[in-house]
>>> print(open('target13.txt').read())   # compact mmCIF, N, CA and C atoms
# COMPACT_ATOMS: atom_id res chain seq x y z
N MET A 5 21.59 -13.39 -14.42
CA MET A 5 20.90 -13.33 -13.15
C MET A 5 20.07 -12.05 -13.03
N THR A 6 20.52 -10.98 -13.69
CA THR A 6 19.78 -9.72 -13.64
C THR A 6 18.39 -9.89 -14.22
N ASP A 7 18.24 -10.75 -15.25
CA ASP A 7 16.93 -10.98 -15.84
C ASP A 7 15.96 -11.60 -14.83
N VAL A 8 16.44 -12.51 -14.02
CA VAL A 8 15.59 -13.13 -12.99
C VAL A 8 15.14 -12.08 -11.98
N TRP A 9 16.06 -11.24 -11.56
CA TRP A 9 15.70 -10.17 -10.63
C TRP A 9 14.70 -9.21 -11.26
N ALA A 10 14.91 -8.88 -12.52
CA ALA A 10 14.00 -7.95 -13.21
C ALA A 10 12.60 -8.53 -13.33
N ILE A 11 12.51 -9.80 -13.69
CA ILE A 11 11.19 -10.43 -13.81
C ILE A 11 10.50 -10.46 -12.46
N SER A 12 11.22 -10.86 -11.42
CA SER A 12 10.64 -10.90 -10.08
C SER A 12 10.23 -9.51 -9.61
N MET A 13 11.07 -8.52 -9.87
CA MET A 13 10.80 -7.14 -9.48
C MET A 13 9.53 -6.63 -10.16
N LEU A 14 9.41 -6.87 -11.45
CA LEU A 14 8.28 -6.34 -12.20
C LEU A 14 6.98 -7.09 -11.90
N ILE A 15 7.05 -8.39 -11.75
CA ILE A 15 5.82 -9.14 -11.45
C ILE A 15 5.32 -8.82 -10.05
N SER A 16 6.20 -8.92 -9.05
CA SER A 16 5.75 -8.65 -7.68
C SER A 16 5.39 -7.17 -7.51
N GLY A 17 6.16 -6.29 -8.13
CA GLY A 17 5.86 -4.86 -8.06
C GLY A 17 4.56 -4.52 -8.75
N GLY A 18 4.33 -5.13 -9.91
CA GLY A 18 3.07 -4.90 -10.62
C GLY A 18 1.87 -5.42 -9.86
N LEU A 19 1.99 -6.60 -9.26
CA LEU A 19 0.88 -7.14 -8.47
C LEU A 19 0.63 -6.30 -7.22
N PHE A 20 1.70 -5.91 -6.54
CA PHE A 20 1.53 -5.06 -5.35
C PHE A 20 0.87 -3.74 -5.72
N THR A 21 1.41 -3.08 -6.72
CA THR A 21 0.89 -1.77 -7.12
C THR A 21 -0.54 -1.90 -7.63
N GLY A 22 -0.83 -2.96 -8.35
CA GLY A 22 -2.19 -3.20 -8.82
C GLY A 22 -3.18 -3.31 -7.67
N GLY A 23 -2.80 -4.00 -6.61
CA GLY A 23 -3.66 -4.11 -5.44
C GLY A 23 -3.88 -2.78 -4.75
N VAL A 24 -2.82 -2.01 -4.64
CA VAL A 24 -2.91 -0.69 -4.00
C VAL A 24 -3.79 0.24 -4.83
N VAL A 25 -3.60 0.22 -6.15
CA VAL A 25 -4.39 1.07 -7.03
C VAL A 25 -5.86 0.64 -7.02
N ALA A 26 -6.12 -0.65 -6.98
CA ALA A 26 -7.51 -1.13 -6.95
C ALA A 26 -8.26 -0.60 -5.74
N ILE A 27 -7.61 -0.60 -4.59
CA ILE A 27 -8.26 -0.06 -3.39
C ILE A 27 -8.48 1.45 -3.56
N ALA A 28 -7.47 2.15 -4.04
CA ALA A 28 -7.60 3.60 -4.20
C ALA A 28 -8.67 3.96 -5.23
N TRP A 29 -8.75 3.19 -6.29
CA TRP A 29 -9.67 3.51 -7.38
C TRP A 29 -11.10 3.11 -7.06
N GLU A 30 -11.26 1.91 -6.50
CA GLU A 30 -12.60 1.36 -6.34
C GLU A 30 -13.16 1.53 -4.93
N ARG A 31 -12.35 1.28 -3.91
CA ARG A 31 -12.88 1.23 -2.55
C ARG A 31 -12.90 2.61 -1.86
N ILE A 32 -11.87 3.41 -2.04
CA ILE A 32 -11.79 4.67 -1.30
C ILE A 32 -12.97 5.58 -1.56
N PRO A 33 -13.42 5.77 -2.80
CA PRO A 33 -14.61 6.63 -2.98
C PRO A 33 -15.84 6.11 -2.23
N ALA A 34 -16.03 4.80 -2.24
CA ALA A 34 -17.17 4.22 -1.52
C ALA A 34 -16.99 4.36 -0.01
N TRP A 35 -15.79 4.10 0.47
CA TRP A 35 -15.54 4.20 1.91
C TRP A 35 -15.67 5.63 2.40
N ARG A 36 -15.30 6.57 1.57
CA ARG A 36 -15.39 7.97 1.97
C ARG A 36 -16.84 8.39 2.20
N GLU A 37 -17.76 7.85 1.40
CA GLU A 37 -19.17 8.23 1.47
C GLU A 37 -19.98 7.37 2.43
N ALA A 38 -19.47 6.24 2.84
CA ALA A 38 -20.22 5.29 3.66
C ALA A 38 -20.41 5.80 5.09
N GLU A 39 -21.49 5.35 5.70
CA GLU A 39 -21.67 5.57 7.13
C GLU A 39 -20.52 4.88 7.85
N LEU A 40 -20.18 5.38 9.02
CA LEU A 40 -19.01 4.88 9.74
C LEU A 40 -19.11 3.37 10.03
N ALA A 41 -20.28 2.90 10.46
CA ALA A 41 -20.43 1.48 10.77
C ALA A 41 -20.27 0.62 9.52
N ALA A 42 -20.85 1.04 8.41
CA ALA A 42 -20.73 0.30 7.16
C ALA A 42 -19.29 0.33 6.67
N PHE A 43 -18.65 1.49 6.80
CA PHE A 43 -17.24 1.60 6.42
C PHE A 43 -16.39 0.60 7.19
N ARG A 44 -16.58 0.56 8.50
CA ARG A 44 -15.73 -0.31 9.33
C ARG A 44 -15.88 -1.77 8.94
N LEU A 45 -17.10 -2.21 8.64
CA LEU A 45 -17.31 -3.60 8.22
C LEU A 45 -16.64 -3.88 6.87
N ALA A 46 -16.87 -3.02 5.90
CA ALA A 46 -16.29 -3.21 4.57
C ALA A 46 -14.77 -3.09 4.62
N PHE A 47 -14.28 -2.14 5.38
CA PHE A 47 -12.85 -1.92 5.52
C PHE A 47 -12.19 -3.15 6.13
N ALA A 48 -12.76 -3.66 7.22
CA ALA A 48 -12.19 -4.84 7.89
C ALA A 48 -12.15 -6.03 6.95
N HIS A 49 -13.21 -6.23 6.18
CA HIS A 49 -13.26 -7.35 5.24
C HIS A 49 -12.17 -7.22 4.18
N THR A 50 -12.05 -6.05 3.59
CA THR A 50 -11.08 -5.83 2.52
C THR A 50 -9.65 -5.96 3.03
N VAL A 51 -9.32 -5.32 4.12
CA VAL A 51 -7.93 -5.37 4.58
C VAL A 51 -7.56 -6.76 5.10
N ARG A 52 -8.54 -7.49 5.62
CA ARG A 52 -8.25 -8.86 6.05
C ARG A 52 -7.83 -9.70 4.83
N ARG A 53 -8.47 -9.51 3.71
CA ARG A 53 -8.11 -10.25 2.49
C ARG A 53 -6.80 -9.74 1.90
N MET A 54 -6.61 -8.43 1.86
CA MET A 54 -5.41 -7.86 1.25
C MET A 54 -4.16 -8.11 2.09
N ASP A 55 -4.33 -8.16 3.41
CA ASP A 55 -3.17 -8.33 4.29
C ASP A 55 -2.51 -9.70 4.14
N ARG A 56 -3.17 -10.61 3.48
CA ARG A 56 -2.56 -11.92 3.26
C ARG A 56 -1.49 -11.87 2.18
N PHE A 57 -1.65 -10.96 1.22
CA PHE A 57 -0.78 -10.96 0.05
C PHE A 57 0.10 -9.72 -0.09
N GLN A 58 -0.46 -8.57 0.20
CA GLN A 58 0.24 -7.32 -0.08
C GLN A 58 1.61 -7.21 0.59
N PRO A 59 1.75 -7.51 1.88
CA PRO A 59 3.08 -7.39 2.49
C PRO A 59 4.11 -8.32 1.84
N ALA A 60 3.71 -9.54 1.51
CA ALA A 60 4.64 -10.47 0.88
C ALA A 60 5.06 -9.98 -0.50
N LEU A 61 4.11 -9.44 -1.25
CA LEU A 61 4.44 -8.90 -2.57
C LEU A 61 5.39 -7.72 -2.46
N LEU A 62 5.14 -6.85 -1.48
CA LEU A 62 6.00 -5.68 -1.31
C LEU A 62 7.42 -6.08 -0.91
N VAL A 63 7.55 -7.00 0.02
CA VAL A 63 8.89 -7.44 0.45
C VAL A 63 9.61 -8.15 -0.70
N THR A 64 8.89 -8.99 -1.44
CA THR A 64 9.49 -9.67 -2.60
C THR A 64 9.97 -8.65 -3.63
N CYS A 65 9.14 -7.65 -3.88
CA CYS A 65 9.52 -6.60 -4.83
C CYS A 65 10.73 -5.82 -4.35
N LEU A 66 10.75 -5.46 -3.08
CA LEU A 66 11.88 -4.70 -2.54
C LEU A 66 13.17 -5.50 -2.64
N LEU A 67 13.13 -6.76 -2.24
CA LEU A 67 14.33 -7.60 -2.30
C LEU A 67 14.78 -7.83 -3.75
N SER A 68 13.82 -8.02 -4.64
CA SER A 68 14.17 -8.20 -6.06
C SER A 68 14.77 -6.93 -6.65
N THR A 69 14.24 -5.79 -6.24
CA THR A 69 14.78 -4.51 -6.73
C THR A 69 16.20 -4.31 -6.24
N ILE A 70 16.45 -4.66 -4.98
CA ILE A 70 17.82 -4.57 -4.44
C ILE A 70 18.75 -5.51 -5.20
N GLY A 71 18.31 -6.76 -5.42
CA GLY A 71 19.11 -7.72 -6.17
C GLY A 71 19.38 -7.24 -7.58
N PHE A 72 18.38 -6.66 -8.22
CA PHE A 72 18.56 -6.11 -9.57
C PHE A 72 19.57 -4.96 -9.56
N ALA A 73 19.43 -4.05 -8.58
CA ALA A 73 20.33 -2.89 -8.51
C ALA A 73 21.78 -3.32 -8.30
N ILE A 74 21.99 -4.35 -7.48
CA ILE A 74 23.36 -4.83 -7.22
C ILE A 74 24.00 -5.35 -8.51
N GLY A 75 23.21 -6.01 -9.35
CA GLY A 75 23.76 -6.57 -10.58
C GLY A 75 23.80 -5.62 -11.76
N ALA A 76 23.22 -4.44 -11.60
CA ALA A 76 23.15 -3.48 -12.71
C ALA A 76 24.22 -2.41 -12.54
N GLY A 77 24.31 -1.56 -13.53
CA GLY A 77 25.26 -0.45 -13.47
C GLY A 77 24.68 0.79 -14.12
N GLY A 78 25.31 1.91 -13.90
CA GLY A 78 24.95 3.17 -14.54
C GLY A 78 23.53 3.63 -14.26
N THR A 79 22.87 4.09 -15.31
CA THR A 79 21.51 4.61 -15.19
C THR A 79 20.55 3.54 -14.73
N THR A 80 20.75 2.33 -15.19
CA THR A 80 19.89 1.22 -14.78
C THR A 80 19.91 1.05 -13.27
N ARG A 81 21.09 1.08 -12.70
CA ARG A 81 21.23 0.96 -11.24
C ARG A 81 20.55 2.14 -10.54
N THR A 82 20.73 3.34 -11.07
CA THR A 82 20.12 4.53 -10.46
C THR A 82 18.60 4.40 -10.44
N PHE A 83 18.02 4.00 -11.58
CA PHE A 83 16.56 3.81 -11.63
C PHE A 83 16.11 2.75 -10.62
N ALA A 84 16.86 1.67 -10.51
CA ALA A 84 16.51 0.60 -9.57
C ALA A 84 16.63 1.08 -8.13
N ILE A 85 17.64 1.88 -7.84
CA ILE A 85 17.80 2.41 -6.48
C ILE A 85 16.63 3.33 -6.11
N VAL A 86 16.23 4.18 -7.06
CA VAL A 86 15.08 5.06 -6.81
C VAL A 86 13.81 4.23 -6.59
N ALA A 87 13.62 3.20 -7.41
CA ALA A 87 12.47 2.31 -7.25
C ALA A 87 12.52 1.63 -5.88
N GLY A 88 13.68 1.10 -5.52
CA GLY A 88 13.82 0.44 -4.22
C GLY A 88 13.57 1.39 -3.07
N ALA A 89 14.04 2.63 -3.20
CA ALA A 89 13.78 3.62 -2.15
C ALA A 89 12.28 3.88 -2.01
N GLY A 90 11.59 3.95 -3.13
CA GLY A 90 10.14 4.14 -3.08
C GLY A 90 9.44 2.98 -2.39
N PHE A 91 9.82 1.75 -2.76
CA PHE A 91 9.21 0.58 -2.12
C PHE A 91 9.56 0.52 -0.63
N LEU A 92 10.77 0.93 -0.28
CA LEU A 92 11.17 0.96 1.13
C LEU A 92 10.36 2.00 1.91
N VAL A 93 10.13 3.16 1.32
CA VAL A 93 9.31 4.20 1.96
C VAL A 93 7.90 3.66 2.20
N ILE A 94 7.36 2.93 1.23
CA ILE A 94 6.03 2.34 1.39
C ILE A 94 6.02 1.35 2.54
N LEU A 95 7.02 0.49 2.58
CA LEU A 95 7.09 -0.52 3.64
C LEU A 95 7.19 0.14 5.01
N ALA A 96 8.08 1.11 5.14
CA ALA A 96 8.26 1.78 6.43
C ALA A 96 7.02 2.59 6.80
N GLY A 97 6.47 3.33 5.85
CA GLY A 97 5.29 4.14 6.14
C GLY A 97 4.08 3.31 6.48
N SER A 98 3.93 2.20 5.78
CA SER A 98 2.80 1.31 6.09
C SER A 98 2.95 0.73 7.49
N GLY A 99 4.14 0.26 7.79
CA GLY A 99 4.35 -0.36 9.11
C GLY A 99 4.28 0.62 10.26
N ALA A 100 4.78 1.83 10.04
CA ALA A 100 4.82 2.81 11.13
C ALA A 100 3.55 3.63 11.26
N TRP A 101 2.81 3.80 10.16
CA TRP A 101 1.70 4.75 10.19
C TRP A 101 0.37 4.10 9.83
N LEU A 102 0.28 3.45 8.66
CA LEU A 102 -1.01 2.95 8.19
C LEU A 102 -1.48 1.70 8.92
N VAL A 103 -0.61 0.76 9.20
CA VAL A 103 -1.02 -0.46 9.88
C VAL A 103 -1.53 -0.17 11.29
N PRO A 104 -0.85 0.65 12.09
CA PRO A 104 -1.42 0.96 13.41
C PRO A 104 -2.79 1.64 13.32
N MET A 105 -2.96 2.53 12.35
CA MET A 105 -4.27 3.17 12.17
C MET A 105 -5.31 2.15 11.76
N ARG A 106 -4.95 1.26 10.85
CA ARG A 106 -5.88 0.22 10.39
C ARG A 106 -6.32 -0.65 11.56
N LYS A 107 -5.36 -1.04 12.40
CA LYS A 107 -5.71 -1.88 13.54
C LYS A 107 -6.67 -1.17 14.48
N ARG A 108 -6.46 0.12 14.70
CA ARG A 108 -7.36 0.88 15.57
C ARG A 108 -8.74 1.03 14.94
N LEU A 109 -8.80 1.21 13.65
CA LEU A 109 -10.09 1.33 12.98
C LEU A 109 -10.88 0.03 13.05
N VAL A 110 -10.21 -1.08 12.85
CA VAL A 110 -10.88 -2.38 12.83
C VAL A 110 -11.24 -2.83 14.24
N ALA A 111 -10.36 -2.59 15.21
CA ALA A 111 -10.56 -3.13 16.55
C ALA A 111 -11.29 -2.20 17.50
N SER A 112 -11.47 -0.95 17.13
CA SER A 112 -12.07 -0.01 18.07
C SER A 112 -13.51 -0.38 18.38
N ALA A 113 -13.85 -0.23 19.63
CA ALA A 113 -15.19 -0.57 20.10
C ALA A 113 -16.20 0.45 19.59
N GLU A 114 -17.45 0.02 19.57
CA GLU A 114 -18.53 0.91 19.14
C GLU A 114 -18.63 2.15 20.02
N GLU A 115 -18.16 2.05 21.25
CA GLU A 115 -18.23 3.19 22.17
C GLU A 115 -17.19 4.27 21.86
N ALA A 116 -16.27 3.97 20.99
CA ALA A 116 -15.25 4.96 20.64
C ALA A 116 -15.94 6.16 20.01
N PRO A 117 -15.49 7.35 20.35
CA PRO A 117 -16.13 8.55 19.79
C PRO A 117 -16.07 8.56 18.26
N SER A 118 -17.21 8.86 17.66
CA SER A 118 -17.32 8.86 16.20
C SER A 118 -16.34 9.82 15.56
N ARG A 119 -16.14 10.97 16.19
CA ARG A 119 -15.22 11.94 15.57
C ARG A 119 -13.80 11.42 15.54
N ASP A 120 -13.40 10.64 16.55
CA ASP A 120 -12.06 10.04 16.53
C ASP A 120 -11.94 9.02 15.40
N LEU A 121 -12.98 8.20 15.23
CA LEU A 121 -12.96 7.21 14.15
C LEU A 121 -13.01 7.89 12.79
N GLU A 122 -13.77 8.96 12.67
CA GLU A 122 -13.82 9.71 11.41
C GLU A 122 -12.45 10.29 11.07
N ARG A 123 -11.78 10.81 12.08
CA ARG A 123 -10.45 11.37 11.88
C ARG A 123 -9.48 10.27 11.44
N LEU A 124 -9.56 9.10 12.08
CA LEU A 124 -8.71 7.97 11.67
C LEU A 124 -9.01 7.54 10.25
N ARG A 125 -10.30 7.49 9.91
CA ARG A 125 -10.67 7.10 8.55
C ARG A 125 -10.07 8.06 7.53
N ARG A 126 -10.24 9.35 7.75
CA ARG A 126 -9.69 10.35 6.82
C ARG A 126 -8.17 10.22 6.69
N ARG A 127 -7.50 10.05 7.83
CA ARG A 127 -6.04 9.92 7.80
C ARG A 127 -5.60 8.66 7.07
N TRP A 128 -6.30 7.53 7.30
CA TRP A 128 -5.92 6.29 6.63
C TRP A 128 -6.15 6.41 5.13
N LEU A 129 -7.29 6.95 4.73
CA LEU A 129 -7.58 7.10 3.30
C LEU A 129 -6.56 8.00 2.62
N ARG A 130 -6.22 9.11 3.26
CA ARG A 130 -5.21 10.02 2.71
C ARG A 130 -3.84 9.32 2.63
N GLY A 131 -3.50 8.59 3.67
CA GLY A 131 -2.23 7.86 3.68
C GLY A 131 -2.18 6.80 2.59
N HIS A 132 -3.31 6.14 2.36
CA HIS A 132 -3.32 5.12 1.30
C HIS A 132 -3.16 5.77 -0.07
N LEU A 133 -3.75 6.94 -0.26
CA LEU A 133 -3.56 7.63 -1.54
C LEU A 133 -2.10 8.03 -1.76
N VAL A 134 -1.44 8.44 -0.69
CA VAL A 134 0.00 8.74 -0.79
C VAL A 134 0.76 7.46 -1.14
N ARG A 135 0.42 6.36 -0.48
CA ARG A 135 1.06 5.08 -0.77
C ARG A 135 0.85 4.69 -2.24
N THR A 136 -0.33 4.97 -2.76
CA THR A 136 -0.64 4.64 -4.15
C THR A 136 0.25 5.43 -5.12
N VAL A 137 0.39 6.72 -4.86
CA VAL A 137 1.22 7.58 -5.73
C VAL A 137 2.67 7.12 -5.68
N VAL A 138 3.17 6.83 -4.50
CA VAL A 138 4.57 6.38 -4.36
C VAL A 138 4.74 5.02 -5.05
N ALA A 139 3.77 4.12 -4.91
CA ALA A 139 3.86 2.81 -5.55
C ALA A 139 3.89 2.93 -7.07
N LEU A 140 3.05 3.80 -7.61
CA LEU A 140 3.06 4.00 -9.06
C LEU A 140 4.40 4.57 -9.54
N GLY A 141 4.93 5.52 -8.80
CA GLY A 141 6.23 6.08 -9.15
C GLY A 141 7.34 5.06 -9.05
N ALA A 142 7.34 4.29 -7.97
CA ALA A 142 8.38 3.27 -7.80
C ALA A 142 8.30 2.22 -8.89
N LEU A 143 7.08 1.80 -9.24
CA LEU A 143 6.93 0.82 -10.32
C LEU A 143 7.40 1.39 -11.65
N ALA A 144 7.14 2.65 -11.89
CA ALA A 144 7.60 3.28 -13.13
C ALA A 144 9.13 3.29 -13.19
N PHE A 145 9.79 3.57 -12.07
CA PHE A 145 11.26 3.55 -12.05
C PHE A 145 11.77 2.11 -12.19
N ALA A 146 11.07 1.14 -11.61
CA ALA A 146 11.47 -0.27 -11.77
C ALA A 146 11.37 -0.67 -13.23
N ALA A 147 10.29 -0.27 -13.88
CA ALA A 147 10.12 -0.60 -15.31
C ALA A 147 11.19 0.09 -16.14
N ALA A 148 11.48 1.35 -15.82
CA ALA A 148 12.54 2.07 -16.54
C ALA A 148 13.88 1.38 -16.35
N ALA A 149 14.14 0.88 -15.15
CA ALA A 149 15.40 0.19 -14.88
C ALA A 149 15.47 -1.10 -15.70
N ALA A 150 14.38 -1.83 -15.76
CA ALA A 150 14.37 -3.08 -16.50
C ALA A 150 14.53 -2.86 -18.00
N LEU A 151 14.06 -1.72 -18.48
CA LEU A 151 14.13 -1.43 -19.91
C LEU A 151 15.41 -0.71 -20.31
N ALA A 152 16.11 -0.13 -19.34
CA ALA A 152 17.30 0.68 -19.66
C ALA A 152 18.46 -0.20 -20.11
>>> encode(input="target13.txt", output="structure tokens")
Amino acid sequence: MTDVWAISMLISGGLFTGGVVAIAWERIPAWREAELAAFRLAFAHTVRRMDRFQPALLVTCLLSTIGFAIGAGGTTRTFAIVAGAGFLVILAGSGAWLVPMRKRLVASAEEAPSRDLERLRRRWLRGHLVRTVVALGALAFAAAAALA
């Protein structure tokens, strides 16, 4: 049964992390340089598409990592617990911090002060980069657990 959990953990974790890295690698540099109006349109389009899959992949990965950790022992379990903690931090941080910011960026009216929207953009981009680093670390620990 541990093999099933490992496969699910690695596939869903790899797909989730790949999506997060793709945004950090390709979209963030462009969004950082874009005019605010252009950023908001591109940002809304991208997150609308990503929001269909990313949360489900993250939850699947977290649950698979927990299932894997329960069936493992020793160092393997420790690596899986660290990976699961990383994925849990991403889930909690996204829900508590990044999603509310994203909603405000997408839904804010044109009359909203530009400096407030600029501040939100900078905070969201920085938060996504943190999410990317944590996702890469968590995936590395998940892979180490599967290989241990």
>>> residues_around(input="target13.txt", residues="range 116-124 of chain A", least_positions_apart="3", cutoff="10 Å", atoms="only C-alpha atoms", output="list in words")
Arg36, Glu39, Leu40, Ala41, Arg44, Leu102, Met105, Arg106, Arg108, Leu109, Val110, Ser112, Ala113, Arg127, Trp128, Leu129 and Arg130 of chain A
>>> atom_distance(input="target13.txt", atom1="CA of Val24 in chain A", atom2="atom C of Gly97 in chain A")
13.2 Å
>>> residues_around(input="target13.txt", residues="Ala142 in chain A", least_positions_apart="5", cutoff="6 Å", atoms="all atoms listed in the file", output="list in words")
Val86, Ala87, Gly90, Phe91, Val137 and Ala147 of chain A
>>> write_last_selection(input="target13.txt", atoms="N, CA and C atoms", output="PDB file, in the coordinates of the input")
ATOM      1  N   VAL A  86      16.230   4.180  -7.060  1.00  0.00           N
ATOM      2  CA  VAL A  86      15.080   5.060  -6.810  1.00  0.00           C
ATOM      3  C   VAL A  86      13.810   4.230  -6.590  1.00  0.00           C
ATOM      4  N   ALA A  87      13.620   3.200  -7.410  1.00  0.00           N
ATOM      5  CA  ALA A  87      12.470   2.310  -7.250  1.00  0.00           C
ATOM      6  C   ALA A  87      12.520   1.630  -5.880  1.00  0.00           C
ATOM      7  N   GLY A  90      11.590   3.950  -3.130  1.00  0.00           N
ATOM      8  CA  GLY A  90      10.140   4.140  -3.080  1.00  0.00           C
ATOM      9  C   GLY A  90       9.440   2.980  -2.390  1.00  0.00           C
ATOM     10  N   PHE A  91       9.820   1.750  -2.760  1.00  0.00           N
ATOM     11  CA  PHE A  91       9.210   0.580  -2.120  1.00  0.00           C
ATOM     12  C   PHE A  91       9.560   0.520  -0.630  1.00  0.00           C
ATOM     13  N   VAL A 137       0.390   6.720  -4.860  1.00  0.00           N
ATOM     14  CA  VAL A 137       1.220   7.580  -5.730  1.00  0.00           C
ATOM     15  C   VAL A 137       2.670   7.120  -5.680  1.00  0.00           C
ATOM     16  N   ALA A 147      10.290  -0.270 -13.880  1.00  0.00           N
ATOM     17  CA  ALA A 147      10.120  -0.600 -15.310  1.00  0.00           C
ATOM     18  C   ALA A 147      11.190   0.090 -16.140  1.00  0.00           C
TER      19      ALA A 147
END
>>> atom_distance(input="target13.txt", atom1="atom N of Thr64 in chain A", atom2="atom N of Ala26 in chain A")
18.0 Å
>>> atom_distance(input="target13.txt", atom1="atom N of Met54 in chain A", atom2="atom C of Gly23 in chain A")
9.1 Å
>>> residues_around(input="target13.txt", residues="Phe57 in chain A", least_positions_apart="5", cutoff="12 Å", atoms="only C-alpha atoms", output="count of residues only")
13
>>> residues_around(input="target13.txt", residues="Thr136 in chain A", least_positions_apart="5", cutoff="7 Å", atoms="only N, CA and C atoms", output="VMD selection string")
chain A and resid 24 to 25 131 141
>>> residues_around(input="target13.txt", residues="Ala150 in chain A", least_positions_apart="2", cutoff="8 Å", atoms="only N, CA and C atoms", output="PyMOL selection string")
chain A and resi 10-11+80-81+83-84+144-148+152
>>> write_last_selection(input="target13.txt", atoms="N, CA and C atoms", output="mmCIF file, in the frame of the given file")
data_model
loop_
_atom_site.group_PDB
_atom_site.id
_atom_site.type_symbol
_atom_site.label_atom_id
_atom_site.label_comp_id
_atom_site.auth_asym_id
_atom_site.auth_seq_id
_atom_site.Cartn_x
_atom_site.Cartn_y
_atom_site.Cartn_z
ATOM 1 N N ALA A 10 14.910 -8.880 -12.520
ATOM 2 C CA ALA A 10 14.000 -7.950 -13.210
ATOM 3 C C ALA A 10 12.600 -8.530 -13.330
ATOM 4 N N ILE A 11 12.510 -9.800 -13.690
ATOM 5 C CA ILE A 11 11.190 -10.430 -13.810
ATOM 6 C C ILE A 11 10.500 -10.460 -12.460
ATOM 7 N N THR A 80 20.750 2.330 -15.190
ATOM 8 C CA THR A 80 19.890 1.220 -14.780
ATOM 9 C C THR A 80 19.910 1.050 -13.270
ATOM 10 N N ARG A 81 21.090 1.080 -12.700
ATOM 11 C CA ARG A 81 21.230 0.960 -11.240
ATOM 12 C C ARG A 81 20.550 2.140 -10.540
ATOM 13 N N PHE A 83 18.020 4.000 -11.580
ATOM 14 C CA PHE A 83 16.560 3.810 -11.630
ATOM 15 C C PHE A 83 16.110 2.750 -10.620
ATOM 16 N N ALA A 84 16.860 1.670 -10.510
ATOM 17 C CA ALA A 84 16.510 0.600 -9.570
ATOM 18 C C ALA A 84 16.630 1.080 -8.130
ATOM 19 N N ALA A 144 7.140 2.650 -11.890
ATOM 20 C CA ALA A 144 7.600 3.280 -13.130
ATOM 21 C C ALA A 144 9.130 3.290 -13.190
ATOM 22 N N PHE A 145 9.790 3.570 -12.070
ATOM 23 C CA PHE A 145 11.260 3.550 -12.050
ATOM 24 C C PHE A 145 11.770 2.110 -12.190
ATOM 25 N N ALA A 146 11.070 1.140 -11.610
ATOM 26 C CA ALA A 146 11.470 -0.270 -11.770
ATOM 27 C C ALA A 146 11.370 -0.670 -13.230
ATOM 28 N N ALA A 147 10.290 -0.270 -13.880
ATOM 29 C CA ALA A 147 10.120 -0.600 -15.310
ATOM 30 C C ALA A 147 11.190 0.090 -16.140
ATOM 31 N N ALA A 148 11.480 1.350 -15.820
ATOM 32 C CA ALA A 148 12.540 2.070 -16.540
ATOM 33 C C ALA A 148 13.880 1.380 -16.350
ATOM 34 N N ALA A 152 16.110 -0.130 -19.340
ATOM 35 C CA ALA A 152 17.300 0.680 -19.660
ATOM 36 C C ALA A 152 18.460 -0.200 -20.110
#
>>> axis_aligned_box(input="target13.txt", around="range 87-101 of chain A", padding_each_side="4 Å", output="JSON")
{"center_x": 7.2, "center_y": 2.1, "center_z": 1.9, "size_x": 21.7, "size_y": 13.3, "size_z": 26.7}
>>> closest_residue(input="target13.txt", among="A:Trp29, A:Ser68, A:Ala48, A:Pro59", to="Ile15 in chain A", atoms="only C-alpha atoms")
A:Ser68
